[in-house]
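Presented below is the structure to which this report refers.
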Amino acid sequence: MADLLFCSHYPFSKQAKEYVSSSGIELTSGRLDKAEERVRSALLEGKIRRTAEIQSAQEEEIVSYAICRMIVSAANNRYLINRYAVAEAKRAGELLSSDEAARPDYIDEMANDFGIKFAKEGPLFSLPIALYLKFTPRSVDYKLSNRDVKDGKVKVKRHERLRILEEAVKKKMESELPIRAQFSDEVKAAGARILAILPKLEVVAIKVGQEDYPPCIRKLLEELALNINLPHTARVSLGIYLIKAGLKDEEIVSLFRSAPDFSEKTTRYQVEYLRNKNYSMPSCTTMDSYGICVAECRCGNPVNFKQAIHGARLKREAEREVGANG
């Protein structure tokens with residue numbers, strides 16, 4: 001018999017899917033409205049509200065998630081998919097934190113769903129390197145060179161174990177959506193309504209041509225355009241670079257609008273903070289330690305790229321011209 005509380009907490013789990021398959025989904029207007037509101041909340045607020053934990057609410061939570069997948073798939077927009085995946089993962093992360101003390105077996109079952117085997121080692125946990133690399137967040141804190149690795153296993157702290165599971169949820173949803181199916185007219189209409197409220201992303205006219213940007217910065221801008229969630233160190237580095245490149249706060253904030261977890265208030269505060277503090281641009285060595293460096297530019301610091309690469313090229317061209325006219 002299915003554990004409804006577990007299934008409602010983690011509706012993407014194997015147990016929840018089995019429950020839905022055996023019970024079936026009756027697509028009523030009320031259920032569709034609730035699911036549409038869940039997607040709308042994920043899109044506009046970046047979070048999903050938790051419901052009461054009485055049995056009837058638990059059942060509706062499981063069904064709501066299944067219908068959300070239909071709506072998001074019918075809309076078939078990568079920004080929406082990534083934004084929805086982030087919100088569902090954050091919801092799961094909050095529940096994992098509360099369940100860790102009250103229902104530790106839930107954590108084990110979630111890990112098993114993803115094929116992750118955490119071994120308890122005193123106050124720490126360990127998992128195989130391959131699984132660690134597959135599910136860890138894109139953050140310098142989780143870079144393998146910064147970890148305690150022994151006998152092919154990586155040690156993690158208690159909260160890092162939960163963060164890895166949260167990241168696994170996000171990656172699972174991003175890879176599974178959109179689902180390929182024939183949707184009812186009601187679901188298609190809900191998807192169309194969600195598409196209608198997607199933020200209109202403006203293309204910012206950048207003063208300095210992007211051909212003058214170093215490869216690491218161009219890569220980060222490309223990932224933002226593809227709605228990829230950048231790690232904190234990448235966002236800070238990109239923000240500092242764009243400030244140094246002469247962009248205004250409003251232009252920088254607009255560039256970050258395509259981030260799946262975008263919050264205008266938070267982004268604006270962080271950009272203003274970076275500008276007021278006048279932070280120096282991280283060196284190429286530091287960028288490499290962040291996992292952001294993508295080429296050997298030999299310029300020492302991204303802000304030197306234009307002078308180091310293009311400046312040297314222009315100098316050579318000028319010297320050749322002088323020699324030709326010699």
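Chain labels run A, B, ... following the order of the structure tokens; each chain numbers its residues from 1, and ligands are numbered from 1 in the order shown.
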For this session: Extract, using only C-alpha atoms, all DNA, RNA and protein residues at most 8 Å from Pro231 (chain A), discarding same-chain residues fewer than 5 positions from it, and format them as number ranges by chain.
Result: A: 137-139
File of the preceding selection, C-alpha atoms, as a CSV table (one decimal), in the first residue's frame:
chain,number,residue,atom,x,y,z
A,137,PRO,CA,25.2,21.5,-8.0
A,138,ARG,CA,27.4,23.6,-10.3
A,139,SER,CA,29.2,25.4,-7.5
For this session: Pick out each residue of region 85-253 of chain A that DSSP on the backbone tags as strand (DSSP E); I need them as a ChimeraX atom specification.
Result: /A:119-121,124-128,149-150,153-156
For the interface of region 131-223 of chain A with region 108-120 of chain A (cut-off 9 Å, counting only C-alpha atoms), please tabulate each contacting residue of region 131-223 of chain A alongside its nearest pair of atoms and their separation in Å to one decimal, rows sorted by chain and increasing number, as a Markdown table.
| residue | atom | partner | partner_atom | distance |
| --- | --- | --- | --- | --- |
| A:Leu131 | CA | A:Ile116 | CA | 6.6 |
| A:Tyr132 | CA | A:Ile116 | CA | 8.7 |
| A:Arg161 | CA | A:Phe118 | CA | 8.2 |
| A:Leu165 | CA | A:Ala111 | CA | 6.8 |
| A:Ala168 | CA | A:Phe114 | CA | 7.3 |
| A:Val169 | CA | A:Phe114 | CA | 8.7 |
| A:Lys172 | CA | A:Phe114 | CA | 8.9 |
Selection above as a file: N, CA and C atoms, as a short mmCIF file (atom, residue, chain, number, x, y, z; two decimals), in the first residue's frame:
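Final output, result.cif:
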data_model
loop_
_atom_site.label_atom_id
_atom_site.label_comp_id
_atom_site.auth_asym_id
_atom_site.auth_seq_id
_atom_site.Cartn_x
_atom_site.Cartn_y
_atom_site.Cartn_z
N LEU A 131 28.51 9.08 -9.07
CA LEU A 131 27.21 9.60 -8.65
C LEU A 131 27.36 11.03 -8.13
N TYR A 132 28.45 11.30 -7.44
CA TYR A 132 28.70 12.65 -6.94
C TYR A 132 28.76 13.64 -8.10
N ARG A 161 24.22 16.37 1.60
CA ARG A 161 23.49 15.20 1.12
C ARG A 161 22.10 15.61 0.64
N LEU A 165 20.41 15.71 -3.28
CA LEU A 165 19.11 15.14 -3.64
C LEU A 165 18.21 16.19 -4.28
N ALA A 168 19.27 16.53 -7.73
CA ALA A 168 18.85 15.36 -8.50
C ALA A 168 17.40 15.51 -8.96
N VAL A 169 16.55 16.09 -8.10
CA VAL A 169 15.16 16.34 -8.47
C VAL A 169 15.09 17.30 -9.64
N LYS A 172 16.28 15.69 -12.87
CA LYS A 172 15.31 14.68 -13.33
C LYS A 172 14.18 15.36 -14.10
#
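Shortest atom-to-atom contact with Glu222 (chain A) among A:Ile25, A:Cys284, A:Ile107, A:Ala259: A:Ala259, counting only C-alpha atoms.
Within the 6 Å cut-off around region 5-12 of chain A, using only C-alpha atoms and omitting residues fewer than 4 positions from it on the same chain, the listed residues are A:Ala16, A:Gln58, A:Glu61, A:Ile62.
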Seminar exercise, completed: Correct to one decimal, the distance CA of Ser126 (chain A)-CA of Glu176 (chain A) is 27.2 Å
Could you produce a table of the residues of region 59-177 of chain A lying within 10 Å of region 26-40 of chain A, with the nearest pair of atoms per residue and their separation in Å rounded to one decimal, using only C-alpha atoms, ordered by chain and increasing residue number, as a tab-separated table?
residue	atom	partner	partner_atom	distance
A:Glu60	CA	A:Arg31	CA	7.7
A:Glu61	CA	A:Ala35	CA	9.0
A:Val63	CA	A:Arg31	CA	7.9
A:Ser64	CA	A:Ala35	CA	4.9
A:Tyr65	CA	A:Ala35	CA	6.8
A:Ala66	CA	A:Ala35	CA	8.4
A:Ile67	CA	A:Ala35	CA	6.0
A:Cys68	CA	A:Ala35	CA	5.2
A:Arg69	CA	A:Ala35	CA	8.9
A:Met70	CA	A:Ala35	CA	9.4
A:Ile71	CA	A:Glu36	CA	7.2
A:Val72	CA	A:Val39	CA	7.5
A:Leu80	CA	A:Val39	CA	8.8
A:Ile81	CA	A:Val39	CA	9.8
A:Arg83	CA	A:Val39	CA	9.4
A:Tyr84	CA	A:Val39	CA	6.7
A:Ala87	CA	A:Val39	CA	9.2
A:Glu88	CA	A:Val39	CA	9.6
Seminar exercise, completed: Judged by only C-alpha atoms, the minimum distance to Val20 (chain A) among A:Leu230, A:Ala2, A:Ile129, A:Ile48 is found for A:Ala2
